[in-house]
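Below you'll find the structure, written out as structure tokens, and then a few comments.
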Amino acid sequence: MAVTSTYPDVMDKLVSLCKRRGFIFQSSEVYGGTGSVWDYGPLGVELKKNLKDRWWHAMVRARSDIEGLDAAILMHPRVWEASGHVSGFVDPLVDCRNCKKRFRADDPRIKGTPGTADAQCPACGMKGTLSEPRQFNLMFKTFMGPVEDTASVVYLRPETAQGIFVNFLNVQQSTRQKVPFGIAQIGKAFRNEITPGNFIFRTREFEQMEMQFFVDPESDHMAWFEFWKGHRMDWHRSLGLAPDRLQFHQHDPSELAHYARAAFDIQFDFGGGLGFQEIEGVHHRSDFDLSRHQEFSGKRLEYFDQPANRRYIPFVIETSVGADRTFLALLVNGYREETVPGEEEGRAVLGLHPSLAPIKAGVFPLVKKDGMPEFAERLANELRASFTVFYDESGAIGRRYRRQDEIGTPFCVTVDGQSTADNTVTVRDRDTLLQERIPASAVANFIRERVHP
Ligand code: ATP
């Protein structure tokens, strides 16, 4: 795909900021790291939780027609035969006999045809050492129970959707929902990607936020597809992702799965060499999944429409978004460097929407004397009942502000000499840099009104 990006590459800066400030660390770093697996640190876990909360609220709590679910990662192995993952979730792969490295067969760095004498390994440069392409399944395999044989093979789920399909009737019957309705879940998925990379863009362990919406095949199901397309794009915009960095990409017939009626990706412009890339898929999956599970399990998975006295397998409109990839989009979208009037040093800012910011307010005494630290600490403790707050009394005030700007804290509350006299404090806005003096007792409401989505 041609990269059409007007935005600079900020990935290296973000990787270092994420480590330095405790958003993201490499997994098992003390052992040299694990390939493309990442750990979320104290700030990262807050930002990711806020992101997932925003999704859960928009998709489950704010709607009467969607139910939540948390299905297990380990499922019956037949699930993955029915879903097509055992036979179809594969990438062609070649090995170098010399350096033992592996590549996707379509890796553009490979010169010549793999399996022939003229093919050259992109890593070690040897000729004739690349194997013929062979199919490599992206699912992680493990064993259930004490015996490690083929009968006990189970897979780590490569997507969360199948947990929803196999629970379709459990959820429908226990909640008495009527079609059209949806089931949503957030959970880990695992893919043994051959070419992972770009920080948390493509990893081997990641989190998905998926929703399957069940509709009557005889109804106007394409209208629902259009509805979810628009709804999901609006959601990404509501997170603060810049509208000109978001676009739809329609799958052409060659990209579509054979059962799919339509599919659109929502793409975000990551800038630099990555450009526009998928962060979410909106897919019309027809009745494929439920029909396959009905066939493979031998159990009926039909919906009974009582008023019409009709049984049918619903069509499914799926929305599937990666929590980690959207997290990265938020960082790339929000990061900026700028000069501040009156300061030479300049600042780096993470312009995160206040609802997503890991810390909502920094609370500082201007100086460490005259009762200011006690006042500020008391206020920080009060605010902590409702928000994530960071108390800091060390160093110059400008430096304390900059440390909060860099992690996206929308407000800094400063206690000064006047505070102890009249119970007022100043609140500094991360983006406008304006400082407002308000009563200390009004700070909680001030923040509350502004961190709401
Ligand atoms: P890609 O083409 O990038 O591999 P996909 O089309 O296989 O993605 P889906 O199966 O539609 O992706 O998954 C839905 C969403 O899950 C993606 O839009 C992405 O945000 C996220 N996702 C998929 N694979 C990964 C991965 N390896 N690492 C991080 N996020 C992922």
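Starting from 1 in every chain, residues are counted up; chains themselves are A, B, ... following the order of the structure tokens, and ligands are numbered from 1 as listed.
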List the neighbours of stretch 195-201 of chain A out to 8 Å using only C-alpha atoms; skip same-chain residues closer than 6 positions along the sequence, and give me the result as a compact mmCIF listing (two decimals) with N, CA, C and O atoms, in the first residue's frame.
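Now in around-v5.txt:
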```txt
# COMPACT_ATOMS: atom_id res chain seq x y z
N MET A 11 7.73 7.93 16.34
CA MET A 11 7.74 6.64 17.03
C MET A 11 8.93 6.49 17.99
O MET A 11 8.75 6.09 19.13
N VAL A 15 8.66 5.78 21.97
CA VAL A 15 9.18 4.58 22.62
C VAL A 15 10.01 4.98 23.84
O VAL A 15 9.87 4.42 24.93
N SER A 36 8.45 -8.72 20.54
CA SER A 36 7.15 -8.10 20.29
C SER A 36 6.09 -8.43 21.33
O SER A 36 4.96 -8.78 20.98
N VAL A 37 6.49 -8.36 22.56
CA VAL A 37 5.54 -8.45 23.68
C VAL A 37 5.90 -7.30 24.60
O VAL A 37 7.08 -7.04 24.84
N TRP A 38 4.90 -6.58 25.10
CA TRP A 38 5.16 -5.37 25.88
C TRP A 38 4.38 -5.38 27.18
O TRP A 38 3.29 -5.95 27.25
N PHE A 103 11.32 -15.56 7.50
CA PHE A 103 10.73 -14.40 6.82
C PHE A 103 9.40 -14.80 6.21
O PHE A 103 9.18 -15.98 5.89
N ARG A 104 8.53 -13.81 6.04
CA ARG A 104 7.33 -14.07 5.23
C ARG A 104 7.79 -14.24 3.79
O ARG A 104 8.68 -13.53 3.32
N ASP A 324 -4.49 -1.91 21.95
CA ASP A 324 -3.09 -1.47 21.93
C ASP A 324 -2.82 -0.56 20.74
O ASP A 324 -2.11 0.43 20.84
N ARG A 325 -3.40 -0.92 19.61
CA ARG A 325 -3.15 -0.14 18.40
C ARG A 325 -3.81 1.24 18.51
O ARG A 325 -3.27 2.23 18.05
N LEU A 328 -1.65 3.33 20.69
CA LEU A 328 -0.53 3.91 19.95
C LEU A 328 -1.01 5.11 19.11
O LEU A 328 -0.33 6.13 19.04
```
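Proximal residues of ligand 1 are Arg191, Phe201, Arg202, Thr203, Arg204, Phe206, Gln208, Glu278, Ile279, Glu280, Gly281, Ser320, Val321, Gly322, Asp324 and Arg325 of chain A, by a cut-off of 6 Å on only C-alpha atoms and all ligand atoms.
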Export of the given selection (C-alpha atoms) as a PDB file, in the first residue's frame:
```pdb
ATOM      1  CA  ARG A 191      -1.065 -14.318  17.168  1.00  0.00           C
ATOM      2  CA  PHE A 201       1.371  -1.666  16.487  1.00  0.00           C
ATOM      3  CA  ARG A 202       1.734  -5.391  15.755  1.00  0.00           C
ATOM      4  CA  THR A 203       2.472  -7.628  18.720  1.00  0.00           C
ATOM      5  CA  ARG A 204       2.072 -11.290  19.540  1.00  0.00           C
ATOM      6  CA  PHE A 206      -2.691  -7.875  22.358  1.00  0.00           C
ATOM      7  CA  GLN A 208      -9.211  -6.603  21.266  1.00  0.00           C
ATOM      8  CA  GLU A 278      -5.965  -0.225  10.125  1.00  0.00           C
ATOM      9  CA  ILE A 279      -6.972   0.313  13.735  1.00  0.00           C
ATOM     10  CA  GLU A 280     -10.454  -1.215  13.466  1.00  0.00           C
ATOM     11  CA  GLY A 281     -12.362  -3.499  11.139  1.00  0.00           C
ATOM     12  CA  SER A 320     -13.261  -5.198  15.956  1.00  0.00           C
ATOM     13  CA  VAL A 321     -10.756  -2.723  17.320  1.00  0.00           C
ATOM     14  CA  GLY A 322      -7.335  -3.235  18.882  1.00  0.00           C
ATOM     15  CA  ASP A 324      -3.088  -1.468  21.933  1.00  0.00           C
ATOM     16  CA  ARG A 325      -3.148  -0.139  18.398  1.00  0.00           C
TER      17      ARG A 325
END
```
Apply DSSP to the structure's backbone, then extract all residues of stretch 317-348 of chain A labelled alpha helix (DSSP H) and return them as a compact mmCIF listing (two decimals) with C-alpha atoms, in the first residue's frame.
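states_0.txt written:
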```txt
# COMPACT_ATOMS: atom_id res chain seq x y z
CA ALA A 323 -6.88 -1.59 22.28
CA ASP A 324 -3.09 -1.47 21.93
CA ARG A 325 -3.15 -0.14 18.40
CA THR A 326 -5.63 2.58 19.34
CA PHE A 327 -3.42 3.37 22.35
CA LEU A 328 -0.53 3.91 19.95
CA ALA A 329 -2.74 6.07 17.72
CA LEU A 330 -3.61 8.22 20.74
CA LEU A 331 0.08 8.72 21.57
CA VAL A 332 1.06 9.53 17.98
CA ASN A 333 -1.93 11.84 17.58
CA GLY A 334 -1.36 13.64 20.87
```
Surrounding residues of A:Leu366 excluding itself and chain neighbours under 6 positions, 7 Å, only C-alpha atoms, as a list in words: Ile397, Thr414, Val415 and Asp416 of chain A
Store the residues of this selection in a file with N, CA, C and O atoms, as an mmCIF file, in the first residue's frame.
```
data_model
loop_
_atom_site.group_PDB
_atom_site.id
_atom_site.type_symbol
_atom_site.label_atom_id
_atom_site.label_comp_id
_atom_site.auth_asym_id
_atom_site.auth_seq_id
_atom_site.Cartn_x
_atom_site.Cartn_y
_atom_site.Cartn_z
ATOM 1 N N ILE A 397 8.759 25.045 39.876
ATOM 2 C CA ILE A 397 7.359 24.815 39.473
ATOM 3 C C ILE A 397 7.253 24.581 37.963
ATOM 4 O O ILE A 397 6.488 23.723 37.508
ATOM 5 N N THR A 414 -2.082 24.577 41.693
ATOM 6 C CA THR A 414 -0.965 25.085 42.485
ATOM 7 C C THR A 414 -1.462 25.860 43.712
ATOM 8 O O THR A 414 -2.359 26.703 43.614
ATOM 9 N N VAL A 415 -0.871 25.496 44.835
ATOM 10 C CA VAL A 415 -1.175 26.156 46.103
ATOM 11 C C VAL A 415 -0.072 27.187 46.347
ATOM 12 O O VAL A 415 1.115 26.824 46.357
ATOM 13 N N ASP A 416 -0.460 28.463 46.510
ATOM 14 C CA ASP A 416 0.565 29.507 46.715
ATOM 15 C C ASP A 416 0.294 30.262 48.017
ATOM 16 O O ASP A 416 -0.556 29.863 48.815
#
```
DSSP strand (DSSP E or B) selection over stretch 131-362 of chain A, as a CSV table (one decimal) with N, CA and C atoms, in the first residue's frame:
```csv
chain,number,residue,atom,x,y,z
A,134,ARG,N,6.5,-22.5,3.2
A,134,ARG,CA,5.6,-23.5,3.8
A,134,ARG,C,4.6,-22.7,4.7
A,135,GLN,N,3.4,-23.3,4.8
A,135,GLN,CA,2.4,-22.6,5.5
A,135,GLN,C,2.6,-22.7,7.0
A,136,PHE,N,2.5,-21.5,7.6
A,136,PHE,CA,2.8,-21.4,9.1
A,136,PHE,C,1.5,-20.9,9.7
A,137,ASN,N,1.0,-21.7,10.7
A,137,ASN,CA,-0.3,-21.2,11.4
A,137,ASN,C,0.1,-20.2,12.4
A,141,LYS,N,-0.1,-22.7,20.1
A,141,LYS,CA,-0.6,-24.0,20.6
A,141,LYS,C,-0.1,-24.3,22.0
A,142,THR,N,-0.9,-25.0,22.8
A,142,THR,CA,-0.4,-25.5,24.0
A,142,THR,C,-1.2,-26.8,24.3
A,143,PHE,N,-1.0,-27.4,25.5
A,143,PHE,CA,-1.6,-28.6,25.8
A,143,PHE,C,-2.5,-28.5,27.1
A,153,VAL,N,-4.2,-30.9,22.4
A,153,VAL,CA,-3.8,-29.6,21.9
A,153,VAL,C,-5.0,-28.6,22.1
A,154,VAL,N,-4.7,-27.4,22.7
A,154,VAL,CA,-5.6,-26.3,22.7
A,154,VAL,C,-4.8,-25.1,22.2
A,155,TYR,N,-5.6,-24.1,21.8
A,155,TYR,CA,-5.0,-22.9,21.2
A,155,TYR,C,-5.3,-21.7,22.1
A,156,LEU,N,-4.3,-20.7,22.1
A,156,LEU,CA,-4.6,-19.4,22.7
A,156,LEU,C,-5.4,-18.7,21.6
A,181,PHE,N,-29.7,-7.3,18.2
A,181,PHE,CA,-29.0,-7.0,19.4
A,181,PHE,C,-27.5,-7.4,19.3
A,182,GLY,N,-26.7,-7.0,20.2
A,182,GLY,CA,-25.2,-7.3,20.1
A,182,GLY,C,-24.7,-7.8,21.4
A,183,ILE,N,-23.5,-8.4,21.2
A,183,ILE,CA,-22.7,-8.9,22.4
A,183,ILE,C,-21.3,-8.3,22.2
A,184,ALA,N,-20.8,-7.8,23.3
A,184,ALA,CA,-19.5,-7.1,23.3
A,184,ALA,C,-18.5,-7.7,24.3
A,185,GLN,N,-17.2,-7.8,23.9
A,185,GLN,CA,-16.3,-8.1,24.9
A,185,GLN,C,-14.9,-7.5,24.6
A,186,ILE,N,-14.1,-7.4,25.7
A,186,ILE,CA,-12.8,-6.9,25.7
A,186,ILE,C,-11.9,-8.1,26.2
A,187,GLY,N,-10.8,-8.4,25.5
A,187,GLY,CA,-10.0,-9.5,26.0
A,187,GLY,C,-8.7,-9.7,25.2
A,188,LYS,N,-7.8,-10.5,25.8
A,188,LYS,CA,-6.5,-10.7,25.1
A,188,LYS,C,-6.7,-11.7,23.9
A,189,ALA,N,-5.9,-11.4,22.9
A,189,ALA,CA,-5.8,-12.3,21.8
A,189,ALA,C,-4.3,-12.5,21.5
A,190,PHE,N,-4.0,-13.6,20.8
A,190,PHE,CA,-2.6,-14.0,20.6
A,190,PHE,C,-2.4,-14.4,19.2
A,197,GLY,N,6.1,-5.8,14.9
A,197,GLY,CA,6.9,-4.7,15.1
A,197,GLY,C,6.2,-3.3,15.1
A,202,ARG,N,2.0,-4.0,16.0
A,202,ARG,CA,1.7,-5.4,15.8
A,202,ARG,C,2.5,-6.2,16.8
A,205,GLU,N,0.9,-10.6,21.5
A,205,GLU,CA,-0.1,-10.7,22.6
A,205,GLU,C,-0.8,-9.3,22.6
A,206,PHE,N,-2.1,-9.2,22.4
A,206,PHE,CA,-2.7,-7.9,22.4
A,206,PHE,C,-4.1,-8.0,22.8
A,207,GLU,N,-4.8,-6.8,23.0
A,207,GLU,CA,-6.1,-6.8,23.4
A,207,GLU,C,-7.1,-6.3,22.4
A,208,GLN,N,-8.2,-7.0,22.2
A,208,GLN,CA,-9.2,-6.6,21.3
A,208,GLN,C,-10.5,-6.2,22.0
A,209,MET,N,-11.2,-5.3,21.4
A,209,MET,CA,-12.5,-4.8,21.8
A,209,MET,C,-13.5,-5.1,20.7
A,210,GLU,N,-14.2,-6.2,20.9
A,210,GLU,CA,-15.1,-6.7,19.7
A,210,GLU,C,-16.5,-6.7,20.1
A,211,MET,N,-17.3,-6.4,19.1
A,211,MET,CA,-18.8,-6.4,19.2
A,211,MET,C,-19.4,-7.1,18.0
A,212,GLN,N,-20.2,-8.1,18.3
A,212,GLN,CA,-20.9,-8.8,17.2
A,212,GLN,C,-22.4,-8.4,17.3
A,213,PHE,N,-23.0,-7.9,16.2
A,213,PHE,CA,-24.4,-7.4,16.2
A,213,PHE,C,-25.2,-8.3,15.4
A,214,PHE,N,-26.2,-9.0,15.9
A,214,PHE,CA,-27.0,-10.0,15.3
A,214,PHE,C,-28.2,-9.4,14.7
A,215,VAL,N,-28.4,-9.6,13.4
A,215,VAL,CA,-29.6,-8.9,12.7
A,215,VAL,C,-30.3,-10.0,11.8
A,246,LEU,N,-7.9,10.2,10.1
A,246,LEU,CA,-8.8,9.0,10.1
A,246,LEU,C,-9.4,8.9,8.7
A,247,GLN,N,-9.5,7.6,8.2
A,247,GLN,CA,-10.2,7.4,6.9
A,247,GLN,C,-10.7,6.0,6.9
A,248,PHE,N,-11.7,5.7,6.0
A,248,PHE,CA,-12.2,4.4,5.8
A,248,PHE,C,-11.3,3.8,4.6
A,249,HIS,N,-11.1,2.5,4.7
A,249,HIS,CA,-10.6,1.8,3.6
A,249,HIS,C,-11.5,0.6,3.3
A,250,GLN,N,-12.1,0.6,2.1
A,250,GLN,CA,-13.0,-0.4,1.7
A,250,GLN,C,-12.3,-1.7,1.2
A,262,ALA,N,-19.4,-7.4,3.1
A,262,ALA,CA,-18.7,-6.1,3.0
A,262,ALA,C,-17.8,-5.9,4.2
A,263,ALA,N,-16.7,-5.2,4.0
A,263,ALA,CA,-15.8,-4.9,5.1
A,263,ALA,C,-15.1,-3.6,4.8
A,264,PHE,N,-15.0,-2.8,5.9
A,264,PHE,CA,-14.3,-1.5,5.8
A,264,PHE,C,-13.3,-1.5,7.0
A,265,ASP,N,-12.1,-1.0,6.8
A,265,ASP,CA,-11.2,-0.7,7.9
A,265,ASP,C,-11.3,0.7,8.2
A,266,ILE,N,-11.2,1.0,9.5
A,266,ILE,CA,-11.0,2.4,9.9
A,266,ILE,C,-9.5,2.5,10.0
A,267,GLN,N,-8.9,3.5,9.3
A,267,GLN,CA,-7.4,3.6,9.3
A,267,GLN,C,-7.0,4.9,10.0
A,268,PHE,N,-5.9,4.9,10.6
A,268,PHE,CA,-5.3,6.1,11.3
A,268,PHE,C,-4.0,6.4,10.6
A,269,ASP,N,-3.7,7.6,10.4
A,269,ASP,CA,-2.4,8.0,9.9
A,269,ASP,C,-1.3,8.1,11.0
A,276,PHE,N,-1.1,5.6,6.8
A,276,PHE,CA,-2.5,5.1,7.2
A,276,PHE,C,-2.5,3.6,7.4
A,277,GLN,N,-2.9,3.2,8.5
A,277,GLN,CA,-3.0,1.7,8.8
A,277,GLN,C,-4.3,1.4,9.6
A,278,GLU,N,-4.7,0.2,9.5
A,278,GLU,CA,-6.0,-0.2,10.1
A,278,GLU,C,-5.8,-0.1,11.6
A,279,ILE,N,-6.9,0.5,12.3
A,279,ILE,CA,-7.0,0.3,13.7
A,279,ILE,C,-8.2,-0.5,14.1
A,280,GLU,N,-9.2,-0.5,13.2
A,280,GLU,CA,-10.5,-1.2,13.5
A,280,GLU,C,-11.0,-1.8,12.2
A,281,GLY,N,-11.7,-2.9,12.3
A,281,GLY,CA,-12.4,-3.5,11.1
A,281,GLY,C,-13.9,-3.5,11.4
A,282,VAL,N,-14.7,-3.1,10.4
A,282,VAL,CA,-16.1,-3.3,10.5
A,282,VAL,C,-16.5,-4.3,9.4
A,283,HIS,N,-17.0,-5.4,9.8
A,283,HIS,CA,-17.2,-6.5,8.9
A,283,HIS,C,-18.6,-7.0,8.9
A,284,HIS,N,-19.2,-7.3,7.7
A,284,HIS,CA,-20.4,-8.0,7.6
A,284,HIS,C,-20.1,-9.4,7.3
A,303,TYR,N,-32.0,-18.5,16.1
A,303,TYR,CA,-32.8,-17.6,16.9
A,303,TYR,C,-34.3,-17.9,16.6
A,304,PHE,N,-35.1,-17.9,17.6
A,304,PHE,CA,-36.5,-18.0,17.4
A,304,PHE,C,-37.3,-16.7,17.6
A,305,ASP,N,-37.8,-16.3,16.5
A,305,ASP,CA,-38.6,-15.0,16.5
A,305,ASP,C,-40.0,-15.4,16.8
A,310,ARG,N,-40.8,-17.8,13.5
A,310,ARG,CA,-39.8,-18.1,12.5
A,310,ARG,C,-38.4,-18.4,13.2
A,311,ARG,N,-37.8,-19.4,12.7
A,311,ARG,CA,-36.4,-19.7,13.2
A,311,ARG,C,-35.4,-19.3,12.1
A,312,TYR,N,-34.3,-18.7,12.5
A,312,TYR,CA,-33.3,-18.4,11.5
A,312,TYR,C,-31.9,-18.2,12.2
A,315,PHE,N,-27.6,-12.8,10.7
A,315,PHE,CA,-26.4,-12.2,10.1
A,315,PHE,C,-25.7,-11.5,11.2
A,316,VAL,N,-24.4,-11.3,11.0
A,316,VAL,CA,-23.6,-10.7,12.0
A,316,VAL,C,-22.8,-9.5,11.4
A,317,ILE,N,-23.0,-8.3,12.0
A,317,ILE,CA,-22.1,-7.2,11.7
A,317,ILE,C,-21.1,-7.1,12.9
A,318,GLU,N,-19.8,-7.1,12.6
A,318,GLU,CA,-18.8,-7.1,13.6
A,318,GLU,C,-18.0,-5.8,13.6
A,319,THR,N,-17.7,-5.3,14.8
A,319,THR,CA,-16.8,-4.2,14.9
A,319,THR,C,-15.6,-4.7,15.8
A,320,SER,N,-14.4,-4.6,15.3
A,320,SER,CA,-13.3,-5.2,16.0
A,320,SER,C,-12.1,-4.2,16.0
A,321,VAL,N,-11.8,-3.8,17.2
A,321,VAL,CA,-10.8,-2.7,17.3
A,321,VAL,C,-9.7,-3.2,18.3
A,322,GLY,N,-8.4,-2.9,18.0
A,322,GLY,CA,-7.3,-3.2,18.9
A,322,GLY,C,-7.1,-2.2,19.9
A,335,TYR,N,1.1,13.6,20.6
A,335,TYR,CA,2.4,14.1,20.9
A,335,TYR,C,2.8,15.4,20.1
A,336,ARG,N,3.2,16.3,20.8
A,336,ARG,CA,3.7,17.6,20.1
A,336,ARG,C,4.8,18.2,21.0
A,337,GLU,N,5.7,18.9,20.3
A,337,GLU,CA,6.8,19.7,20.9
A,337,GLU,C,6.5,21.1,20.6
A,338,GLU,N,6.7,22.0,21.6
A,338,GLU,CA,6.4,23.4,21.3
A,338,GLU,C,7.2,24.3,22.2
A,347,ARG,N,8.6,22.6,25.5
A,347,ARG,CA,8.0,21.4,26.2
A,347,ARG,C,7.5,20.4,25.2
A,348,ALA,N,7.4,19.2,25.7
A,348,ALA,CA,6.8,18.1,25.0
A,348,ALA,C,5.4,17.9,25.7
A,349,VAL,N,4.4,17.8,24.8
A,349,VAL,CA,3.0,17.6,25.4
A,349,VAL,C,2.4,16.4,24.8
A,350,LEU,N,1.7,15.6,25.7
A,350,LEU,CA,0.8,14.6,25.2
A,350,LEU,C,-0.6,15.1,25.2
A,361,ALA,N,-4.9,15.3,37.5
A,361,ALA,CA,-4.4,16.6,38.0
A,361,ALA,C,-3.1,16.4,38.7
A,362,GLY,N,-2.2,17.4,38.5
A,362,GLY,CA,-1.0,17.5,39.4
A,362,GLY,C,-1.3,18.5,40.5
```
Selection: 8 Å around A:Arg157, only C-alpha atoms, excl. self and same-chain fewer than 4 positions, as number ranges by chain: A: 73-75, 139-140, 189-190
Next, dump the selected residues to file, keeping only N, CA and C atoms, as a CSV table (one decimal), in the first residue's frame.
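This is the output file result-v3.csv:
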```
chain,number,residue,atom,x,y,z
A,73,ILE,N,-10.1,-17.5,27.4
A,73,ILE,CA,-9.1,-17.5,26.4
A,73,ILE,C,-9.0,-18.9,25.8
A,74,LEU,N,-9.0,-19.9,26.6
A,74,LEU,CA,-8.9,-21.3,26.1
A,74,LEU,C,-10.3,-21.8,25.8
A,75,MET,N,-10.4,-22.3,24.6
A,75,MET,CA,-11.7,-22.8,24.1
A,75,MET,C,-11.6,-24.2,23.6
A,139,MET,N,-1.6,-19.4,15.0
A,139,MET,CA,-2.2,-19.6,16.4
A,139,MET,C,-1.1,-20.3,17.3
A,140,PHE,N,-1.1,-19.8,18.5
A,140,PHE,CA,-0.2,-20.4,19.5
A,140,PHE,C,-0.9,-21.7,20.0
A,189,ALA,N,-5.9,-11.4,22.9
A,189,ALA,CA,-5.8,-12.3,21.8
A,189,ALA,C,-4.3,-12.5,21.5
A,190,PHE,N,-4.0,-13.6,20.8
A,190,PHE,CA,-2.6,-14.0,20.6
A,190,PHE,C,-2.4,-14.4,19.2
```
